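Chemist: Below: one structure in structure tokens.
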Amino acid sequence: MKVIYNLSPSESETFTALGFFDGIHLGHTDVIEETVRGAQRLGVKSCVFTFSRRPKSVLTGEPDMLLTTDHEKRALIERAGVDILYIVDFSEVMDMSGEEFVKTVLIDKLKCRGVVCGFNYCFGKGGGADADTLADICGRLNCEVIVRDPIIYKADAIGSSRIRNALQSGDIQSANDMLGRRYGYSLKVVHGRQLGRTIGIPTINQAFPEDFCLPMFGAYASLVTVEGVEYRGITNIGVKPTVGSDKPVSETWILGFSGDLYGKIVDVRLVSFIRGEKKFASVDELKKQILADASRHI
């Protein structure tokens with residue numbers, strides 16, 4: 001997959017998916033898969049056009065609260081069979097009218113023969129244009145438009161905001177169902193206080209990117225992939241109130257694994273919520289709780 005970080009012209013005609021695609025949830029997957037099918041039907045390149053930051057965050061100044069790291073987002077899009085990925089600074093297009101965006105970006109730069117978007121897609125200055133506007137403008141420019149219906153989960157449309165809310169309330173199962181895969185992260189293992197090693201429960205520590213959406217603080221049953229091998233684990237996300245931490249971190253006990261993982265990228269996926277974060281009276285009490293968590297949930 002070719003990745004382009006500016007508005008340089010495409011070398012080929014494209015069928016393009018439009019959206020920010022935070023999380024690449026089931027609704028996003030539906031849009032991207034339809035784009036790949038459209039490209040194959042017309043014999044052009046499949047393309048995704050997205051932004052380096054969430055447009056709402058750029059406009060309001062609120063945190064991005066991203067559901068996937070940049071690396072995972074690119075990997076998921078590539079896995080879907082996309083040929084070209086545009087990741088553009090939102091400021092380059094935020095002041096364009098809807099018609100200017102279609103003509104300048106979609107037609108002139110991306111050479112779109114067709115575009116696909118979700119039912120709630122908005123574009124143009126201030127988000128003033130919607131999917132109907134897109135169909136009207138593109139129809140006059142011989143560019144096909146496909147608008148995908150929402151994917152419904154528990155009587156409502158799947159969306160990134162809904163997934164964030166589920167994560168922050170500890171409903172990891174609903175978040176995973178809407179994502180179509182387990183929520184998690186592939187991050188570098190960093191040095192901690194090595195306290196777990198001294199009490200017979202060695203753990204790995206991983207620091208989160210500042211713009212990453214964290215779930216409710218607490219303990220989770222997890223699946224951990226180390227160099228292609230999957231292990232079961234107990235992951236605590238939070239500020240470790242018993243021993244203290246300056247920032248939220250992920251701390252995982254990997255059952256059945258021993259070895260040095262410092263500096264390596266380890267993938268952690270959350271399976272189920274066990275309990276909220278708690279301050280224990282002593283390290284021994286913390287150890288007993290971790291062992292109890294493992295015996296009940298793994």
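Please note that chains go A, B, ... in the order of the structure tokens, that every chain numbers its residues from 1, and that ligands are numbered from 1 in the order shown.
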Based on DSSP run over this structure's backbone, return all residues of segment 31-266 of chain A in strand (DSSP E or B), as a PyMOL selection string.

Modeler: chain A and resi 45-51+66+84-88+112-118+122-123+129-130+144-148+152-153+156-157+184-190+203-207+212+218-226+229-238+249-254+265-266

Chemist: Skip Gln206 of chain A itself and residues of its chain fewer than 5 positions away, then list as a PyMOL selection string all residues within 6 Å of it, counting only C-alpha atoms.

Modeler: chain A and resi 189-190+249-250

Chemist: Let me see the file: selected residues, N, CA and C atoms, as a PDB file, in the first residue's frame.

Modeler:
ATOM      1  N   VAL A 189       7.708  -2.028  25.258  1.00  0.00           N
ATOM      2  CA  VAL A 189       7.829  -2.338  26.687  1.00  0.00           C
ATOM      3  C   VAL A 189       8.883  -1.417  27.297  1.00  0.00           C
ATOM      4  N   VAL A 190       8.502  -0.740  28.372  1.00  0.00           N
ATOM      5  CA  VAL A 190       9.398   0.223  29.021  1.00  0.00           C
ATOM      6  C   VAL A 190       9.707  -0.241  30.439  1.00  0.00           C
ATOM      7  N   VAL A 249      -0.602   3.867  32.784  1.00  0.00           N
ATOM      8  CA  VAL A 249       0.228   2.896  32.082  1.00  0.00           C
ATOM      9  C   VAL A 249      -0.527   1.579  31.977  1.00  0.00           C
ATOM     10  N   SER A 250      -0.045   0.735  31.101  1.00  0.00           N
ATOM     11  CA  SER A 250      -0.521  -0.643  30.996  1.00  0.00           C
ATOM     12  C   SER A 250       0.521  -1.538  31.646  1.00  0.00           C
TER      13      SER A 250
END

Chemist: If we count only C-alpha atoms, what is near Cys138 of chain A at a cut-off of 9 Å, once residues fewer than 2 positions away on the same chain are taken out, given as a PyMOL selection string?

Modeler: chain A and resi 99+102-103+107+114-115+133-136+140-145

Chemist: Just the number, please: distance in Å from atom CA of Gly126 of chain A to atom CA of Thr60 of chain A, one decimal.

Modeler: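 Result for atom CA of Gly126 of chain A versus atom CA of Thr60 of chain A: 11.4 Å, one decimal.
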
Chemist: Could you give me, as a list in words, each residue of segment 225-288 of chain A that DSSP assigns to alpha helix (DSSP H) when run on this structure's backbone?

Modeler: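 DSSP on the backbone gives alpha helix (DSSP H) at Val283, Asp284, Glu285, Leu286, Lys287 and Lys288 of chain A.
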
Chemist: Enumerate, in order of chain and increasing residue number, the residues of segment 91-183 of chain A with an atom no farther than 9 Å from segment 11-16 of chain A, each with its shortest atom pair and distance in Å to one decimal, counting only C-alpha atoms, as CSV.

Modeler:
residue,atom,partner,partner_atom,distance
A:Leu106,CA,A:Thr16,CA,8.4
A:Leu110,CA,A:Thr14,CA,6.5
A:Lys111,CA,A:Glu13,CA,4.8
A:Cys112,CA,A:Thr14,CA,4.8
A:Arg113,CA,A:Phe15,CA,5.7
A:Gly114,CA,A:Phe15,CA,4.6
A:Val115,CA,A:Thr16,CA,4.6
A:Val116,CA,A:Thr16,CA,6.2
A:Cys117,CA,A:Thr16,CA,8.7
A:Glu144,CA,A:Phe15,CA,8.7
